[in-house]
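Enquirer: One file: structure.pdb (PDB, C-alpha atoms).
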```pdb
ATOM      1  CA  MET A 715     -60.796 -12.181 -35.102
ATOM      2  CA  VAL A 716     -59.667 -14.967 -37.411
ATOM      3  CA  ALA A 717     -57.291 -14.014 -40.224
ATOM      4  CA  PRO A 718     -58.573 -14.205 -43.825
ATOM      5  CA  ASN A 719     -58.336 -17.642 -45.470
ATOM      6  CA  THR A 720     -58.088 -19.299 -42.069
ATOM      7  CA  GLN A 721     -60.312 -22.040 -40.690
ATOM      8  CA  LEU A 722     -60.543 -23.060 -37.052
ATOM      9  CA  SER A 723     -61.975 -26.240 -35.647
ATOM     10  CA  ILE A 724     -62.351 -27.707 -32.176
ATOM     11  CA  ILE A 725     -62.140 -31.499 -32.252
ATOM     12  CA  ASP A 726     -62.509 -34.380 -29.840
ATOM     13  CA  VAL A 727     -58.958 -35.727 -29.521
ATOM     14  CA  LYS A 728     -60.126 -39.345 -29.253
ATOM     15  CA  THR A 729     -62.588 -39.413 -32.162
ATOM     16  CA  ASN A 730     -61.426 -36.439 -34.302
ATOM     17  CA  GLU A 731     -65.096 -35.377 -34.479
ATOM     18  CA  LYS A 732     -65.817 -31.654 -34.680
ATOM     19  CA  LEU A 733     -67.334 -30.357 -31.464
ATOM     20  CA  GLY A 734     -70.175 -27.895 -30.952
ATOM     21  CA  PHE A 735     -70.072 -24.738 -28.863
ATOM     22  CA  ASN A 736     -68.973 -24.926 -25.213
ATOM     23  CA  LYS A 737     -67.367 -28.354 -25.759
ATOM     24  CA  VAL A 738     -63.662 -28.496 -24.878
ATOM     25  CA  GLY A 739     -61.359 -30.116 -27.406
ATOM     26  CA  GLU A 740     -58.185 -29.479 -29.363
ATOM     27  CA  LEU A 741     -57.918 -26.295 -31.406
ATOM     28  CA  CYS A 742     -56.946 -27.036 -35.018
ATOM     29  CA  VAL A 743     -56.050 -24.490 -37.701
ATOM     30  CA  LYS A 744     -56.040 -24.711 -41.469
ATOM     31  CA  THR A 745     -54.587 -21.848 -43.491
ATOM     32  CA  SER A 746     -52.092 -21.105 -46.214
ATOM     33  CA  ALA A 747     -50.200 -18.950 -43.698
ATOM     34  CA  VAL A 748     -49.223 -21.903 -41.456
ATOM     35  CA  ASN A 749     -45.809 -23.384 -42.129
ATOM     36  CA  TYR A 750     -45.644 -26.764 -43.792
ATOM     37  CA  GLY A 751     -43.833 -28.524 -41.002
ATOM     38  CA  TYR A 752     -40.699 -28.661 -38.946
ATOM     39  CA  PHE A 753     -37.509 -28.043 -40.887
ATOM     40  CA  LYS A 754     -35.916 -31.391 -41.800
ATOM     41  CA  ASN A 755     -38.041 -33.190 -39.218
ATOM     42  CA  PRO A 756     -40.810 -35.167 -40.917
ATOM     43  CA  VAL A 757     -41.574 -37.203 -37.780
ATOM     44  CA  GLU A 758     -42.535 -34.126 -35.745
ATOM     45  CA  THR A 759     -44.365 -32.681 -38.747
ATOM     46  CA  MET A 760     -46.528 -35.810 -38.981
ATOM     47  CA  LYS A 761     -47.427 -35.423 -35.284
ATOM     48  CA  VAL A 762     -48.948 -31.950 -35.717
ATOM     49  CA  PHE A 763     -50.411 -32.001 -39.261
ATOM     50  CA  ASP A 764     -53.126 -34.457 -40.212
ATOM     51  CA  ASP A 765     -53.882 -35.887 -43.676
ATOM     52  CA  GLU A 766     -56.291 -33.033 -44.455
ATOM     53  CA  GLY A 767     -53.740 -30.302 -43.677
ATOM     54  CA  TRP A 768     -55.088 -29.332 -40.252
ATOM     55  CA  PHE A 769     -52.471 -28.119 -37.797
ATOM     56  CA  HIS A 770     -53.116 -29.606 -34.335
ATOM     57  CA  SER A 771     -52.097 -26.835 -31.951
ATOM     58  CA  GLY A 772     -52.038 -28.801 -28.701
ATOM     59  CA  ASP A 773     -54.238 -26.100 -27.165
ATOM     60  CA  GLU A 774     -57.407 -27.100 -25.349
ATOM     61  CA  ALA A 775     -60.152 -24.703 -26.293
ATOM     62  CA  TYR A 776     -63.839 -24.224 -26.946
ATOM     63  CA  TYR A 777     -65.959 -21.672 -28.734
ATOM     64  CA  ASP A 778     -68.994 -20.042 -27.159
ATOM     65  CA  GLU A 779     -72.396 -19.053 -28.561
ATOM     66  CA  ASN A 780     -70.875 -15.833 -29.962
ATOM     67  CA  GLY A 781     -68.120 -17.690 -31.813
ATOM     68  CA  GLU A 782     -65.444 -16.497 -29.362
ATOM     69  CA  ILE A 783     -62.555 -18.948 -28.973
ATOM     70  CA  VAL A 784     -61.524 -19.581 -25.366
ATOM     71  CA  ILE A 785     -58.170 -21.256 -24.704
ATOM     72  CA  VAL A 786     -58.431 -23.480 -21.623
ATOM     73  CA  GLY A 787     -54.826 -24.667 -21.475
ATOM     74  CA  ARG A 788     -52.282 -26.921 -23.082
ATOM     75  CA  MET A 789     -53.164 -30.572 -23.612
ATOM     76  CA  LYS A 790     -49.763 -31.649 -22.352
ATOM     77  CA  ASP A 791     -50.433 -29.804 -19.071
ATOM     78  CA  ILE A 792     -53.407 -32.003 -18.153
ATOM     79  CA  ILE A 793     -52.910 -34.031 -14.994
ATOM     80  CA  ARG A 794     -54.168 -37.605 -15.297
ATOM     81  CA  TYR A 795     -55.502 -38.400 -11.811
ATOM     82  CA  ARG A 796     -57.244 -41.744 -11.336
ATOM     83  CA  ASP A 797     -59.743 -41.842 -14.184
ATOM     84  CA  ILE A 798     -60.211 -38.086 -14.683
ATOM     85  CA  ASP A 799     -58.326 -35.321 -16.429
ATOM     86  CA  ILE A 800     -57.546 -32.355 -14.212
ATOM     87  CA  HIS A 801     -56.874 -28.992 -15.780
ATOM     88  CA  PRO A 802     -54.268 -27.248 -13.615
ATOM     89  CA  VAL A 803     -55.644 -23.851 -14.631
ATOM     90  CA  HIS A 804     -59.034 -24.748 -13.153
ATOM     91  CA  VAL A 805     -57.511 -25.715  -9.793
ATOM     92  CA  GLU A 806     -55.231 -22.654  -9.853
ATOM     93  CA  ASP A 807     -58.237 -20.385 -10.453
ATOM     94  CA  LEU A 808     -60.012 -21.911  -7.441
ATOM     95  CA  LEU A 809     -56.923 -21.409  -5.283
ATOM     96  CA  LEU A 810     -56.380 -17.844  -6.490
ATOM     97  CA  ALA A 811     -59.957 -16.994  -5.538
ATOM     98  CA  LEU A 812     -59.023 -17.513  -1.877
ATOM     99  CA  PRO A 813     -58.246 -14.203  -0.137
ATOM    100  CA  ASP A 814     -54.870 -15.277   1.321
ATOM    101  CA  VAL A 815     -53.436 -16.798  -1.871
ATOM    102  CA  ALA A 816     -51.178 -14.453  -3.858
ATOM    103  CA  GLU A 817     -49.984 -16.994  -6.443
ATOM    104  CA  ALA A 818     -50.680 -20.640  -7.202
ATOM    105  CA  ALA A 819     -49.330 -23.242  -9.591
ATOM    106  CA  VAL A 820     -50.507 -26.839  -9.905
ATOM    107  CA  ILE A 821     -48.423 -29.556 -11.512
ATOM    108  CA  GLY A 822     -48.614 -33.330 -11.733
ATOM    109  CA  VAL A 823     -45.972 -35.776 -10.559
ATOM    110  CA  PRO A 824     -45.926 -39.497 -11.430
ATOM    111  CA  HIS A 825     -47.668 -41.776  -8.946
ATOM    112  CA  GLU A 826     -47.918 -45.579  -8.816
ATOM    113  CA  ILE A 827     -51.611 -45.689  -7.940
ATOM    114  CA  PHE A 828     -53.133 -42.410  -9.148
ATOM    115  CA  ILE A 829     -51.143 -42.164 -12.449
ATOM    116  CA  GLU A 830     -50.248 -38.595 -11.508
ATOM    117  CA  ARG A 831     -50.538 -36.772  -8.231
ATOM    118  CA  PRO A 832     -51.529 -33.086  -8.340
ATOM    119  CA  VAL A 833     -49.259 -30.857  -6.279
ATOM    120  CA  ALA A 834     -50.146 -27.237  -5.567
ATOM    121  CA  PHE A 835     -47.460 -24.649  -4.908
ATOM    122  CA  VAL A 836     -48.976 -21.692  -3.134
ATOM    123  CA  LYS A 837     -47.531 -18.303  -2.264
ATOM    124  CA  ILE A 838     -49.619 -16.697   0.455
ATOM    125  CA  THR A 839     -49.958 -12.998   1.122
ATOM    126  CA  PRO A 840     -47.524 -11.610   3.712
ATOM    127  CA  GLY A 841     -48.801 -11.884   7.266
ATOM    128  CA  SER A 842     -51.395 -14.523   6.413
ATOM    129  CA  THR A 843     -51.949 -17.397   8.828
ATOM    130  CA  VAL A 844     -53.877 -19.572   6.391
ATOM    131  CA  THR A 845     -53.139 -23.304   6.698
ATOM    132  CA  LYS A 846     -52.622 -26.023   4.108
ATOM    133  CA  GLU A 847     -55.765 -27.716   5.418
ATOM    134  CA  ALA A 848     -57.840 -24.601   4.792
ATOM    135  CA  ILE A 849     -56.484 -24.306   1.268
ATOM    136  CA  SER A 850     -57.080 -28.007   0.515
ATOM    137  CA  LYS A 851     -60.807 -27.530   1.176
ATOM    138  CA  VAL A 852     -61.051 -25.755  -2.183
ATOM    139  CA  ALA A 853     -60.822 -29.196  -3.803
ATOM    140  CA  VAL A 854     -64.404 -29.887  -2.699
ATOM    141  CA  GLU A 855     -65.466 -28.079  -5.872
ATOM    142  CA  LEU A 856     -63.598 -30.703  -7.917
ATOM    143  CA  GLU A 857     -64.655 -34.262  -8.743
ATOM    144  CA  TYR A 858     -62.388 -35.763  -6.105
ATOM    145  CA  SER A 859     -62.347 -33.948  -2.804
ATOM    146  CA  ASP A 860     -58.990 -35.452  -1.831
ATOM    147  CA  ILE A 861     -56.864 -34.357  -4.791
ATOM    148  CA  LEU A 862     -54.882 -31.787  -2.830
ATOM    149  CA  GLU A 863     -54.823 -33.682   0.445
ATOM    150  CA  ASP A 864     -51.234 -33.623   1.737
ATOM    151  CA  SER A 865     -49.964 -32.139  -1.529
ATOM    152  CA  ILE A 866     -49.874 -28.386  -0.954
ATOM    153  CA  GLU A 867     -46.528 -26.697  -0.580
ATOM    154  CA  PHE A 868     -46.101 -23.123   0.555
ATOM    155  CA  ILE A 869     -43.430 -21.304  -1.406
ATOM    156  CA  ASP A 870     -41.880 -17.911  -0.689
ATOM    157  CA  GLN A 871     -41.060 -17.109  -4.312
ATOM    158  CA  MET A 872     -42.406 -18.731  -7.469
ATOM    159  CA  PRO A 873     -39.667 -19.666  -9.940
ATOM    160  CA  ARG A 874     -39.969 -17.710 -13.181
ATOM    161  CA  ASN A 875     -38.747 -18.391 -16.702
ATOM    162  CA  THR A 876     -37.191 -15.747 -18.955
ATOM    163  CA  ASN A 877     -40.680 -14.635 -20.059
ATOM    164  CA  GLY A 878     -41.691 -13.972 -16.456
ATOM    165  CA  LYS A 879     -44.128 -16.906 -16.329
ATOM    166  CA  ILE A 880     -44.134 -19.391 -13.466
ATOM    167  CA  ASP A 881     -41.601 -22.085 -14.371
ATOM    168  CA  LYS A 882     -43.509 -25.327 -13.909
ATOM    169  CA  LYS A 883     -40.487 -27.400 -14.948
ATOM    170  CA  VAL A 884     -38.669 -26.187 -11.828
ATOM    171  CA  LEU A 885     -41.772 -26.905  -9.742
ATOM    172  CA  LYS A 886     -41.944 -30.455 -11.125
ATOM    173  CA  VAL A 887     -38.373 -31.063  -9.945
ATOM    174  CA  LEU A 888     -39.210 -29.651  -6.507
ATOM    175  CA  ALA A 889     -42.390 -31.728  -6.245
ATOM    176  CA  LYS A 890     -40.598 -34.893  -7.222
ATOM    177  CA  LYS A 891     -38.064 -34.277  -4.430
ATOM    178  CA  TYR A 892     -40.808 -33.585  -1.878
ATOM    179  CA  TYR A 893     -42.937 -36.590  -2.822
ATOM    180  CA  GLU A 894     -40.348 -39.151  -3.989
ATOM    181  CA  SER A 895     -41.031 -41.317  -0.960
ATOM    182  CA  SER A 896     -44.749 -41.480  -1.771
ATOM    183  CA  LEU A 897     -44.382 -42.234  -5.476
TER     184      LEU A 897
END
```
Write the structure described by the file as structure tokens, please.

Expert:
Amino acid sequence: MVAPNTQLSIIDVKTNEKLGFNKVGELCVKTSAVNYGYFKNPVETMKVFDDEGWFHSGDEAYYDENGEIVIVGRMKDIIRYRDIDIHPVHVEDLLLALPDVAEAAVIGVPHEIFIERPVAFVKITPGSTVTKEAISKVAVELEYSDILEDSIEFIDQMPRNTNGKIDKKVLKVLAKKYYESSL
């Protein structure tokens, strides 16, 4: 439920056009309850507030036929692979649907040819004999069937931040070490 005196909008980040239902874009908020910027930091304030007073949240979202807002992920988390945008959450959901996968996290690392290379960190259930090759087949459901080829790492324990979430910053450092020779 949206708070009183609050407006929400989903916009195309390239054109700033408002999007219709089931179209993914950036969630923007306009309300008197939102702060007026970053304290003593006008540069950052200008990055998140537009000329009409809309706060650009950085969240990718859409609204459905019932008006429900669905957050897809963070715009800064998108992996730019070749000429497509990959949402890590989408790949993680596909991996987590596999019976032997207990946890999964997908991050992007810089790559000379592909812009970014997706790397999947996967924690498998104890006693599982699933292979990286079997897990990489899940990418068939994505636009490029080779996105996880040779870029799946099994991990015994996912690093966690203080909030208990998977710490993707730590995983980025690990991935860079693993794949430095191929960057």

Enquirer: Please determine the residues with any atom at most 8 Å from (-60.1, -24.2, -36.6) (coordinates as given in the file, with only C-alpha atoms counting) and report them as a list in words.

Expert: Thr720, Gln721, Leu722, Ser723, Ile724, Leu741, Cys742, Val743 and Lys744 of chain A

Enquirer: What would the list of residues within 6 Å of (-56.5, -42.0, -11.1) (file frame) look like as a PyMOL selection string, if all atoms listed in the file are what count?

Expert: chain A and resi 795-797+828-829

Enquirer: What's the 8 Å shell around Arg788 of chain A, counting all atoms listed in the file, without same-chain residues fewer than 5 positions away, as an MDAnalysis selection string?

Expert: chainID A and resid 772:774

Enquirer: Under the PyMOL selection byres ((chain A and resi 879-885) around 10), which residues of this model are included? Write them out as a list in words.

Expert: Asp791, Glu817, Ala818, Ala819, Val820, Ile821, Gly822, Val823, Val833, Ala834, Phe835, Gln871, Met872, Pro873, Arg874, Asn875, Thr876, Asn877, Gly878, Lys886, Val887, Leu888, Ala889, Lys890 and Lys891 of chain A

Enquirer: Any chance you can output those residues with C-alpha atoms as a tab-separated table (two decimals), in the coordinates of the input?

Expert:
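Here's the written file result.tsv:
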```
chain	number	residue	atom	x	y	z
A	791	ASP	CA	-50.43	-29.80	-19.07
A	817	GLU	CA	-49.98	-16.99	-6.44
A	818	ALA	CA	-50.68	-20.64	-7.20
A	819	ALA	CA	-49.33	-23.24	-9.59
A	820	VAL	CA	-50.51	-26.84	-9.90
A	821	ILE	CA	-48.42	-29.56	-11.51
A	822	GLY	CA	-48.61	-33.33	-11.73
A	823	VAL	CA	-45.97	-35.78	-10.56
A	833	VAL	CA	-49.26	-30.86	-6.28
A	834	ALA	CA	-50.15	-27.24	-5.57
A	835	PHE	CA	-47.46	-24.65	-4.91
A	871	GLN	CA	-41.06	-17.11	-4.31
A	872	MET	CA	-42.41	-18.73	-7.47
A	873	PRO	CA	-39.67	-19.67	-9.94
A	874	ARG	CA	-39.97	-17.71	-13.18
A	875	ASN	CA	-38.75	-18.39	-16.70
A	876	THR	CA	-37.19	-15.75	-18.95
A	877	ASN	CA	-40.68	-14.64	-20.06
A	878	GLY	CA	-41.69	-13.97	-16.46
A	886	LYS	CA	-41.94	-30.46	-11.12
A	887	VAL	CA	-38.37	-31.06	-9.94
A	888	LEU	CA	-39.21	-29.65	-6.51
A	889	ALA	CA	-42.39	-31.73	-6.24
A	890	LYS	CA	-40.60	-34.89	-7.22
A	891	LYS	CA	-38.06	-34.28	-4.43
```

Enquirer: Just give me the gap between atom CA of Leu810 of chain A and atom CA of Ile783 of chain A in Å, one decimal is fine.

Expert: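 A separation of 23.3 Å between them.
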